[in-house]
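protein_29.tsv follows (TSV, C-alpha atoms and all ligand atoms):
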chain	number	residue	atom	x	y	z
Y	1	MET	CA	-25.87	14.27	-13.42
Y	2	THR	CA	-23.67	11.27	-14.16
Y	3	GLU	CA	-21.67	9.82	-11.30
Y	4	ALA	CA	-17.95	9.05	-11.36
Y	5	GLN	CA	-16.86	5.67	-12.62
Y	6	ARG	CA	-15.80	3.46	-9.71
Y	7	ILE	CA	-12.32	1.98	-10.05
Y	8	ASP	CA	-12.67	-1.68	-9.05
Y	9	GLY	CA	-9.50	-2.50	-7.11
Y	10	LYS	CA	-10.88	-5.81	-5.90
Y	11	ALA	CA	-11.40	-7.13	-9.43
Y	12	PHE	CA	-7.97	-5.83	-10.51
Y	13	ALA	CA	-6.28	-7.44	-7.48
Y	14	ASP	CA	-8.11	-10.76	-8.10
Y	15	SER	CA	-6.82	-10.90	-11.66
Y	16	LEU	CA	-3.27	-9.89	-10.60
Y	17	ARG	CA	-3.26	-12.70	-8.01
Y	18	GLY	CA	-4.50	-15.10	-10.70
Y	19	ARG	CA	-1.55	-14.18	-12.93
Y	20	LEU	CA	0.88	-14.51	-9.99
Y	21	THR	CA	-0.50	-17.97	-9.12
Y	22	GLN	CA	0.31	-19.11	-12.67
Y	23	GLU	CA	3.77	-17.53	-12.51
Y	24	VAL	CA	4.53	-19.22	-9.16
Y	25	ALA	CA	3.47	-22.60	-10.60
Y	26	ALA	CA	5.82	-22.04	-13.57
Y	27	LEU	CA	8.72	-21.06	-11.26
Y	28	LYS	CA	8.24	-24.28	-9.29
Y	29	ARG	CA	7.94	-26.42	-12.43
Y	30	ASP	CA	10.75	-24.90	-14.47
Y	31	HIS	CA	13.23	-23.78	-11.79
Y	32	GLY	CA	12.33	-25.67	-8.58
Y	33	LEU	CA	11.80	-22.24	-6.97
Y	34	THR	CA	9.03	-21.56	-4.42
Y	35	PRO	CA	8.96	-17.86	-3.47
Y	36	GLY	CA	8.77	-17.45	0.33
Y	37	LEU	CA	7.42	-14.50	2.37
Y	38	ALA	CA	8.10	-13.99	6.08
Y	39	VAL	CA	5.90	-11.54	7.99
Y	40	ILE	CA	6.78	-10.34	11.49
Y	41	LEU	CA	4.05	-8.98	13.77
Y	42	VAL	CA	5.09	-7.42	17.08
Y	43	GLY	CA	2.36	-6.79	19.67
Y	44	GLU	CA	-1.41	-7.15	19.63
Y	45	ASP	CA	-2.72	-4.28	17.46
Y	46	PRO	CA	-6.12	-5.63	16.24
Y	47	ALA	CA	-5.96	-4.05	12.75
Y	48	SER	CA	-2.41	-5.33	12.22
Y	49	GLN	CA	-3.47	-8.84	13.28
Y	50	ILE	CA	-6.18	-8.86	10.58
Y	51	TYR	CA	-3.76	-7.54	7.91
Y	52	VAL	CA	-1.09	-10.10	8.81
Y	53	ARG	CA	-3.58	-12.99	8.77
Y	54	ASN	CA	-4.83	-11.94	5.31
Y	55	LYS	CA	-1.26	-11.61	4.02
Y	56	GLY	CA	-0.49	-15.18	5.13
Y	57	LEU	CA	-3.69	-16.64	3.65
Y	58	GLN	CA	-3.24	-14.90	0.28
Y	59	THR	CA	0.45	-15.85	0.09
Y	60	GLU	CA	-0.47	-19.53	0.53
Y	61	ALA	CA	-3.40	-19.27	-1.89
Y	62	CYS	CA	-0.90	-18.14	-4.55
Y	63	GLY	CA	1.21	-21.27	-3.99
Y	64	MET	CA	4.02	-19.48	-2.14
Y	65	LEU	CA	5.64	-20.31	1.19
Y	66	SER	CA	4.22	-18.17	4.01
Y	67	VAL	CA	5.87	-17.86	7.43
Y	68	THR	CA	4.46	-15.62	10.18
Y	69	HIS	CA	6.42	-14.71	13.31
Y	70	ARG	CA	4.36	-13.27	16.17
Y	71	LEU	CA	6.39	-11.55	18.91
Y	72	SER	CA	5.26	-9.98	22.15
Y	73	ALA	CA	5.32	-6.18	22.46
Y	74	THR	CA	7.95	-6.55	25.19
Y	75	THR	CA	10.44	-8.34	22.88
Y	76	PRO	CA	13.83	-6.58	23.06
Y	77	GLN	CA	14.80	-4.66	19.89
Y	78	ALA	CA	17.97	-6.81	19.59
Y	79	GLU	CA	15.87	-9.98	19.46
Y	80	LEU	CA	13.72	-8.57	16.63
Y	81	VAL	CA	16.85	-7.53	14.70
Y	82	ALA	CA	18.34	-11.01	15.25
Y	83	LEU	CA	15.17	-12.56	13.77
Y	84	VAL	CA	15.42	-10.26	10.72
Y	85	GLU	CA	19.08	-11.27	10.29
Y	86	ALA	CA	18.19	-14.98	10.51
Y	87	LEU	CA	15.55	-14.46	7.78
Y	88	ASN	CA	18.11	-12.55	5.67
Y	89	ALA	CA	20.27	-15.70	5.78
Y	90	ASP	CA	17.37	-18.16	5.16
Y	91	ALA	CA	17.49	-19.36	1.53
Y	92	THR	CA	13.78	-20.37	1.57
Y	93	ILE	CA	12.72	-16.76	2.31
Y	94	HIS	CA	12.75	-14.12	-0.48
Y	95	GLY	CA	10.61	-11.42	1.14
Y	96	ILE	CA	10.62	-10.00	4.69
Y	97	LEU	CA	7.91	-7.67	5.96
Y	98	VAL	CA	7.84	-6.15	9.44
Y	99	GLN	CA	4.26	-5.03	10.06
Y	100	LEU	CA	4.04	-1.34	10.99
Y	101	PRO	CA	3.48	0.48	13.22
Y	102	LEU	CA	5.81	-1.21	15.70
Y	103	PRO	CA	5.09	-0.59	19.41
Y	104	ASP	CA	6.55	2.75	20.60
Y	105	SER	CA	9.55	1.20	22.35
Y	106	PHE	CA	11.03	0.08	18.99
Y	107	ASP	CA	13.24	2.08	16.62
Y	108	SER	CA	11.45	1.28	13.31
Y	109	ASP	CA	14.17	2.86	11.14
Y	110	ALA	CA	16.82	0.62	12.71
Y	111	VAL	CA	14.67	-2.50	12.25
Y	112	ILE	CA	14.00	-1.68	8.59
Y	113	ALA	CA	17.72	-0.99	8.07
Y	114	ALA	CA	18.46	-4.56	9.22
Y	115	ILE	CA	16.43	-6.07	6.34
Y	116	ASP	CA	18.48	-7.24	3.33
Y	117	PRO	CA	17.43	-4.70	0.60
Y	118	ALA	CA	17.05	-7.63	-1.85
Y	119	LYS	CA	14.33	-9.09	0.45
Y	120	ASP	CA	12.71	-5.74	1.39
Y	121	VAL	CA	9.32	-6.40	-0.27
Y	122	ASP	CA	7.86	-3.32	1.49
Y	123	GLY	CA	10.37	-1.11	-0.36
Y	124	LEU	CA	11.10	0.81	2.84
Y	125	HIS	CA	14.87	0.27	3.18
Y	126	VAL	CA	16.85	3.43	2.34
Y	127	VAL	CA	18.54	1.54	-0.52
Y	128	ASN	CA	15.18	0.85	-2.19
Y	129	ALA	CA	13.90	4.37	-1.45
Y	130	GLY	CA	17.09	5.76	-3.04
Y	131	LEU	CA	16.86	3.49	-6.08
Y	132	LEU	CA	13.24	4.58	-6.62
Y	133	ALA	CA	14.18	8.26	-6.27
Y	134	THR	CA	16.91	7.86	-8.91
Y	135	ASN	CA	14.77	5.87	-11.43
Y	136	GLN	CA	16.62	2.59	-10.90
Y	137	PRO	CA	14.99	-0.84	-10.51
Y	138	ALA	CA	13.81	-1.03	-6.89
Y	139	LEU	CA	11.41	-2.97	-4.71
Y	140	THR	CA	8.58	-0.42	-4.56
Y	141	PRO	CA	6.18	0.08	-1.60
Y	142	CYS	CA	3.03	-1.95	-2.19
Y	143	THR	CA	0.24	0.63	-1.77
Y	144	PRO	CA	1.90	3.17	-4.14
Y	145	LEU	CA	2.58	0.39	-6.66
Y	146	GLY	CA	-1.05	-0.76	-6.48
Y	147	SER	CA	-2.35	2.82	-6.81
Y	148	MET	CA	-0.23	3.36	-9.94
Y	149	LEU	CA	-1.48	0.12	-11.54
Y	150	LEU	CA	-5.07	1.33	-11.02
Y	151	LEU	CA	-4.28	4.83	-12.32
Y	152	LYS	CA	-2.56	3.59	-15.48
Y	153	ASP	CA	-5.40	1.13	-16.11
Y	154	ALA	CA	-7.97	3.92	-15.66
Y	155	LEU	CA	-6.21	6.71	-17.58
Y	156	GLY	CA	-3.53	5.14	-19.80
Y	157	ASP	CA	-0.75	7.69	-20.39
Y	158	LEU	CA	-0.43	10.09	-17.43
Y	159	THR	CA	2.00	12.47	-19.18
Y	160	GLY	CA	1.50	16.14	-18.32
Y	161	LEU	CA	-1.31	15.60	-15.82
Y	162	HIS	CA	-1.19	17.56	-12.56
Y	163	ALA	CA	-1.14	15.15	-9.63
Y	164	VAL	CA	-1.66	16.44	-6.10
Y	165	VAL	CA	-0.63	14.01	-3.34
Y	166	ILE	CA	-1.92	14.76	0.16
Y	167	GLY	CA	0.34	13.05	2.73
Y	168	ARG	CA	4.12	12.80	2.98
Y	169	SER	CA	4.69	9.42	4.63
Y	170	ASN	CA	7.62	7.17	3.69
Y	171	LEU	CA	5.11	4.32	3.18
Y	172	VAL	CA	2.74	6.07	0.73
Y	173	GLY	CA	3.04	9.81	0.03
Y	174	LYS	CA	6.73	10.08	-0.90
Y	175	PRO	CA	6.97	6.90	-3.01
Y	176	ILE	CA	3.74	7.59	-4.89
Y	177	ALA	CA	5.03	11.06	-5.76
Y	178	GLN	CA	8.19	9.43	-7.19
Y	179	LEU	CA	6.13	7.02	-9.29
Y	180	LEU	CA	3.89	9.82	-10.60
Y	181	LEU	CA	7.01	11.81	-11.55
Y	182	GLN	CA	8.39	8.77	-13.39
Y	183	ALA	CA	5.07	8.65	-15.27
Y	184	ASN	CA	5.65	12.28	-16.39
Y	185	CYS	CA	3.05	13.90	-14.13
Y	186	THR	CA	3.53	17.36	-12.67
Y	187	VAL	CA	3.48	16.51	-8.97
Y	188	THR	CA	2.55	18.68	-6.01
Y	189	MET	CA	3.08	17.27	-2.51
Y	190	ALA	CA	0.63	18.59	0.06
Y	191	HIS	CA	0.35	17.84	3.78
Y	192	SER	CA	-1.23	18.94	7.04
Y	193	ARG	CA	0.61	22.30	6.98
Y	194	THR	CA	-0.23	23.16	3.36
Y	195	ARG	CA	-2.01	26.52	3.02
Y	196	ASP	CA	-5.42	26.55	1.31
Y	197	LEU	CA	-5.39	22.84	0.64
Y	198	ALA	CA	-8.89	22.88	-0.89
Y	199	ALA	CA	-7.87	25.39	-3.60
Y	200	LEU	CA	-4.73	23.37	-4.39
Y	201	CYS	CA	-6.72	20.14	-4.68
Y	202	ARG	CA	-9.14	21.83	-7.10
Y	203	GLN	CA	-6.20	22.14	-9.55
Y	204	ALA	CA	-5.55	18.40	-9.58
Y	205	ASP	CA	-6.25	16.15	-12.56
Y	206	ILE	CA	-5.22	13.29	-10.26
Y	207	LEU	CA	-5.87	13.62	-6.53
Y	208	VAL	CA	-4.24	11.09	-4.19
Y	209	ALA	CA	-5.44	11.23	-0.58
Y	210	ALA	CA	-3.13	9.49	1.91
Y	211	VAL	CA	-3.58	11.42	5.15
Y	212	GLY	CA	-5.38	8.99	7.46
Y	213	ARG	CA	-8.17	11.46	8.32
Y	214	PRO	CA	-11.71	10.16	7.73
Y	215	GLU	CA	-13.54	11.94	4.86
Y	216	MET	CA	-11.28	15.01	5.02
Y	217	VAL	CA	-11.39	15.65	1.26
Y	218	ARG	CA	-14.80	17.13	0.44
Y	219	GLY	CA	-16.65	17.10	-2.88
Y	220	ASP	CA	-15.98	20.79	-3.54
Y	221	TRP	CA	-12.19	20.18	-3.29
Y	222	ILE	CA	-12.35	18.13	-6.48
Y	223	LYS	CA	-11.99	19.42	-10.03
Y	224	PRO	CA	-14.92	18.15	-12.15
Y	225	GLY	CA	-13.83	15.01	-14.02
Y	226	ALA	CA	-10.66	14.44	-11.94
Y	227	THR	CA	-9.42	10.98	-11.01
Y	228	VAL	CA	-9.44	10.39	-7.24
Y	229	ILE	CA	-7.31	7.73	-5.54
Y	230	ASP	CA	-8.35	7.28	-1.91
Y	231	VAL	CA	-5.65	5.47	0.09
Y	232	GLY	CA	-7.32	6.00	3.48
Y	233	ILE	CA	-8.67	3.14	5.60
Y	234	ASN	CA	-10.35	4.70	8.66
Y	235	ARG	CA	-12.70	3.01	11.10
Y	236	VAL	CA	-15.56	5.30	12.26
Y	237	PRO	CA	-18.83	4.72	14.18
Y	238	ALA	CA	-21.66	3.06	12.19
Y	239	ARG	CA	-24.06	5.43	10.37
Y	240	ASP	CA	-27.08	4.19	12.32
Y	241	PRO	CA	-26.92	5.79	15.82
Y	242	ALA	CA	-28.39	2.65	17.44
Y	243	LEU	CA	-25.64	0.48	15.90
Y	244	ALA	CA	-22.98	3.08	16.74
Y	245	ALA	CA	-24.16	3.00	20.36
Y	246	GLU	CA	-23.48	-0.76	20.33
Y	247	GLY	CA	-19.92	0.00	19.22
Y	248	LYS	CA	-20.48	-1.06	15.58
Y	249	THR	CA	-18.13	0.59	13.09
Y	250	ARG	CA	-17.70	1.06	9.34
Y	251	VAL	CA	-14.65	1.77	7.19
Y	252	VAL	CA	-14.33	5.06	5.27
Y	253	GLY	CA	-11.54	6.61	3.24
Y	254	ASP	CA	-9.85	10.01	3.41
Y	255	VAL	CA	-12.36	11.26	0.82
Y	256	ALA	CA	-16.07	12.00	1.47
Y	257	PHE	CA	-17.15	9.44	-1.15
Y	258	ASP	CA	-20.85	10.41	-1.43
Y	259	GLU	CA	-19.87	14.00	-2.29
Y	260	ALA	CA	-16.82	13.18	-4.42
Y	261	VAL	CA	-18.60	10.63	-6.60
Y	262	LYS	CA	-20.84	13.46	-7.89
Y	263	VAL	CA	-17.86	15.53	-9.09
Y	264	ALA	CA	-14.98	13.20	-9.99
Y	265	GLY	CA	-14.58	11.40	-13.30
Y	266	GLN	CA	-13.22	8.22	-11.71
Y	267	ILE	CA	-12.79	7.29	-8.07
Y	268	THR	CA	-11.57	4.38	-5.94
Y	269	PRO	CA	-14.18	3.32	-3.35
Y	270	VAL	CA	-13.30	2.39	0.24
Y	271	PRO	CA	-13.43	-0.51	0.80
Y	272	GLY	CA	-12.73	-2.23	-2.53
Y	273	GLY	CA	-10.39	0.29	-4.16
Y	274	VAL	CA	-6.71	0.64	-3.28
Y	275	GLY	CA	-6.88	-1.67	-0.21
Y	276	PRO	CA	-7.05	-5.02	-2.06
Y	277	MET	CA	-4.17	-3.93	-4.32
Y	278	THR	CA	-1.73	-3.65	-1.40
Y	279	ILE	CA	-1.53	-7.37	-0.63
Y	280	ALA	CA	-1.61	-8.31	-4.34
Y	281	CYS	CA	1.42	-6.04	-4.89
Y	282	LEU	CA	3.16	-7.54	-1.84
Y	283	LEU	CA	2.82	-10.94	-3.52
Y	284	GLN	CA	4.09	-9.46	-6.79
Y	285	ASN	CA	7.11	-7.96	-4.99
Y	286	THR	CA	7.85	-11.34	-3.38
Y	287	VAL	CA	7.85	-13.04	-6.80
Y	288	THR	CA	10.06	-10.23	-8.18
Y	289	ALA	CA	12.51	-10.58	-5.25
Y	290	ALA	CA	12.63	-14.38	-5.57
Y	291	LYS	CA	13.40	-14.15	-9.32
Y	292	ARG	CA	16.12	-11.53	-8.78
Y	293	ILE	CA	17.75	-13.52	-5.96
Y	294	ALA	CA	17.65	-16.71	-8.09
Y	295	LYS	CA	18.87	-14.73	-11.15
Y	296	ILE	CA	15.85	-15.78	-13.26
Y	301	LIG	N1	0.98	-1.16	7.93
Y	301	LIG	C1	0.02	-0.65	7.12
Y	301	LIG	N2	0.37	-0.80	5.83
Y	301	LIG	C2	1.57	-1.43	5.83
Y	301	LIG	C3	2.45	-1.87	4.78
Y	301	LIG	O1	2.19	-1.70	3.59
Y	301	LIG	N3	3.60	-2.44	5.20
Y	301	LIG	C4	3.89	-2.63	6.51
Y	301	LIG	N4	5.04	-3.22	6.80
Y	301	LIG	N5	3.11	-2.24	7.49
Y	301	LIG	C5	1.95	-1.64	7.15
Would you write out, as C-alpha cells, the structure that this file holds?
Ligand code: GUN
Amino acid sequence: MTEAQRIDGKAFADSLRGRLTQEVAALKRDHGLTPGLAVILVGEDPASQIYVRNKGLQTEACGMLSVTHRLSATTPQAELVALVEALNADATIHGILVQLPLPDSFDSDAVIAAIDPAKDVDGLHVVNAGLLATNQPALTPCTPLGSMLLLKDALGDLTGLHAVVIGRSNLVGKPIAQLLLQANCTVTMAHSRTRDLAALCRQADILVAAVGRPEMVRGDWIKPGATVIDVGINRVPARDPALAAEGKTRVVGDVAFDEAVKVAGQITPVPGGVGPMTIACLLQNTVTAAKRIAKI
C-alpha cells in the first residue's frame, strides 16, 4: 500500500523566508523602509520562551528590526496596555505580537483590543477578524495563513471540496474556516461537543485538526486519499519507557500520524509541517503591514 505524500512545511517556509529576505532588502534600498516587529512575552512559560526566541532570530535573519519585551507575570494589566500603546505610536515598529496565552490574571481580549489594527500581525483584533469574515483585505492569523499556503500548493484549486475543521479557537479554527470558505470549500466546523466526530471526519476531503489533543484523530477517521493538515503541537513522554522515565519528551500532532499516513493522500508531519509556516507567515504579515503603513 502506498503511503500519503508528506507536505514539507519546513521547505516551503524556508523558501518563503528567502523571498521575504529579498523583499526586505528591496524595501530598504528603494524606500528606506526597514519593517520592524515587536514581540511581548509576559511570564515564564517555557514553550512561549522558545517560540519568542525563534521569532526574534528569524525576524533578524530576514533583515528586519526585531524588538522583544519581556515582562514579569506580575506586571499590572495597565502597564502592558501602556507598552502596547507606546509601540502603536513608534514609527519604527510595524507589527506588534503579544505572545499567548497570557498569565490568568490578564484580560487577553482587552490587551489585543489595545493593538493598532494596522500593526496587528497576529490578525486577532476584532477589526481584522471582521475584515476577514467579510472578505476584505485583513491581517490574517499566521497559522491559518500558513496552512492555506500549504493546502493550495498541495491541491491547487480547492473549489467544492468538503473541509472539516476540528477546533473553534479565535487563533486557528475560526479564521481557517473563513479562509477555506473564501477558497470555495464547503466547510464544517467541528469541536469537542460534536456528535460522532469520527463519522463526520470520514466525509472530509480536507481535514484540519486544531484541537490540542495528542493523536486524537485516528487513521480510521480519515477518508482514503484525503488531505490532512495537522495544526497540533503537543509534548508527550518519549516512546522509549527508559527515556520517558528520565522525563524525555517528543512532539506529536493532533493526528495519529503512523495510522493516518496509511490512509491519507497527503499529510503534514509534526514536526516539520504547519509549525514552521507560522513564523514565516508572521514575517510576511510584518512586511505586509509595513508596506500598508508606508503606502507602498
Ligand atoms: N501562541 C501560540 N501560537 C501563537 C500565535 O500564533 N500568536 C500568539 N500571539 N501567541 C501564540
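Counting only C-alpha atoms, the residue from Y:Ile50, Y:Val236, Y:Ala264, Y:Met64 that sits nearest to Leu27 of chain Y is Y:Met64.
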Point out the residue among Y:Gln178, Y:Ser169, Y:Thr249, Y:Thr143 with the least atom-to-atom distance to ligand LIG 301 (chain Y), counting only C-alpha atoms and all ligand atoms.
Y:Thr143
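The space separating atom CA of Lys291 of chain Y from atom CA of Gly18 of chain Y comes to 18.0 Å.
Here the residues that fall within 10 Å of (-6.5, 21.5, -15.5), using all atoms listed in the file, are given as Y:Leu161, Y:His162, Y:Arg202, Y:Gln203, Y:Ala204, Y:Asp205, Y:Ile206, Y:Lys223, Y:Pro224, Y:Gly225, Y:Ala226.
Counting only C-alpha atoms, Arg19 of chain Y has the following residues at most 12 Å away, ignoring those fewer than 4 positions along the same chain: Phe12, Ala13, Asp14, Ser15, Glu23, Val24, Ala25, Ala26, Cys62, Gly63, Ala280, Cys281, Leu283, Gln284 and Val287 of chain Y.
Taking atom CA of Leu71 of chain Y and atom CA of Leu124 of chain Y as endpoints, the distance between them is 20.8 Å.
Residues in contact with ligand LIG 301 (chain Y) (atom pairs separated by at most 7 Å; all atoms listed in the file) are Ser48, Leu97, Val98, Gln99, Leu100, Pro101, Asp122, Pro141, Cys142, Thr143, Leu171 and Thr278 of chain Y.
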Atom CA of Val127 of chain Y to atom CA of Asn54 of chain Y, distance in Å rounded to a single decimal
27.6 Å
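If you measure from each of Y:Leu87, Y:Val251, Y:Ala118, Y:Ala38 to Lys295 of chain Y using all atoms listed in the file, the closest one turns out to be Y:Ala118.
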At a cut-off of 12 Å, using only C-alpha atoms, what residues contact Ala86 of chain Y? Leave out same-chain residues fewer than 6 positions from it and give the result as a PyMOL selection string.
chain Y and resi 38+79-80+92-93+96+114-116
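Each of Y:Lys55, Y:Lys262, Y:His125, Y:Lys248 was compared to Arg218 of chain Y using only C-alpha atoms, and Y:Lys262 turns out to be the nearest.
The residue that comes closest to Gln5 of chain Y, out of Y:Pro269, Y:Ala91, Y:Lys174, Y:Gln22 and on the basis of all atoms listed in the file, is Y:Pro269.
The closest residue to Leu33 of chain Y, picked from Y:Leu65, Y:Leu145, Y:Ala11, Y:Ile112 and counting only C-alpha atoms, is Y:Leu65.
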Within 8 Å of file point (-7.8, 9.3, -10.6), counting all atoms listed in the file, expressed as a ChimeraX atom specification
/Y:151,154-155,205-208,226-229,265-268
For segment 60-73 of chain Y, supply N, CA, C and O atoms and report the output as a short mmCIF file (atom, residue, chain, number, x, y, z; two decimals), in the frame of the given file.
data_model
loop_
_atom_site.label_atom_id
_atom_site.label_comp_id
_atom_site.auth_asym_id
_atom_site.auth_seq_id
_atom_site.Cartn_x
_atom_site.Cartn_y
_atom_site.Cartn_z
N GLU Y 60 -0.30 -18.08 0.72
CA GLU Y 60 -0.47 -19.53 0.53
C GLU Y 60 -1.38 -19.82 -0.65
O GLU Y 60 -1.11 -20.72 -1.44
N ALA Y 61 -2.45 -19.03 -0.79
CA ALA Y 61 -3.40 -19.27 -1.89
C ALA Y 61 -2.72 -19.13 -3.25
O ALA Y 61 -3.15 -19.73 -4.23
N CYS Y 62 -1.66 -18.35 -3.30
CA CYS Y 62 -0.90 -18.14 -4.55
C CYS Y 62 0.11 -19.26 -4.78
O CYS Y 62 0.81 -19.23 -5.79
N GLY Y 63 0.25 -20.17 -3.83
CA GLY Y 63 1.21 -21.27 -3.99
C GLY Y 63 2.59 -20.97 -3.43
O GLY Y 63 3.53 -21.73 -3.65
N MET Y 64 2.71 -19.84 -2.70
CA MET Y 64 4.02 -19.48 -2.14
C MET Y 64 4.15 -19.98 -0.70
O MET Y 64 3.15 -20.32 -0.05
N LEU Y 65 5.39 -19.97 -0.20
CA LEU Y 65 5.64 -20.31 1.19
C LEU Y 65 5.34 -19.08 2.05
O LEU Y 65 5.81 -17.97 1.75
N SER Y 66 4.55 -19.28 3.11
CA SER Y 66 4.22 -18.17 4.01
C SER Y 66 4.66 -18.54 5.43
O SER Y 66 4.31 -19.61 5.93
N VAL Y 67 5.43 -17.65 6.05
CA VAL Y 67 5.87 -17.86 7.43
C VAL Y 67 5.51 -16.61 8.23
O VAL Y 67 5.83 -15.49 7.79
N THR Y 68 4.81 -16.78 9.34
CA THR Y 68 4.46 -15.62 10.18
C THR Y 68 5.11 -15.78 11.55
O THR Y 68 4.99 -16.84 12.18
N HIS Y 69 5.81 -14.73 11.98
CA HIS Y 69 6.42 -14.71 13.31
C HIS Y 69 5.65 -13.70 14.16
O HIS Y 69 5.58 -12.52 13.78
N ARG Y 70 5.09 -14.17 15.27
CA ARG Y 70 4.36 -13.27 16.17
C ARG Y 70 5.19 -13.09 17.44
O ARG Y 70 5.48 -14.07 18.13
N LEU Y 71 5.56 -11.84 17.73
CA LEU Y 71 6.39 -11.55 18.91
C LEU Y 71 5.62 -10.67 19.88
O LEU Y 71 4.78 -9.86 19.46
N SER Y 72 5.93 -10.82 21.15
CA SER Y 72 5.26 -9.98 22.15
C SER Y 72 5.79 -8.54 22.07
O SER Y 72 6.92 -8.30 21.62
N ALA Y 73 4.95 -7.61 22.51
CA ALA Y 73 5.32 -6.18 22.46
C ALA Y 73 6.53 -5.89 23.35
O ALA Y 73 7.18 -4.85 23.20
#
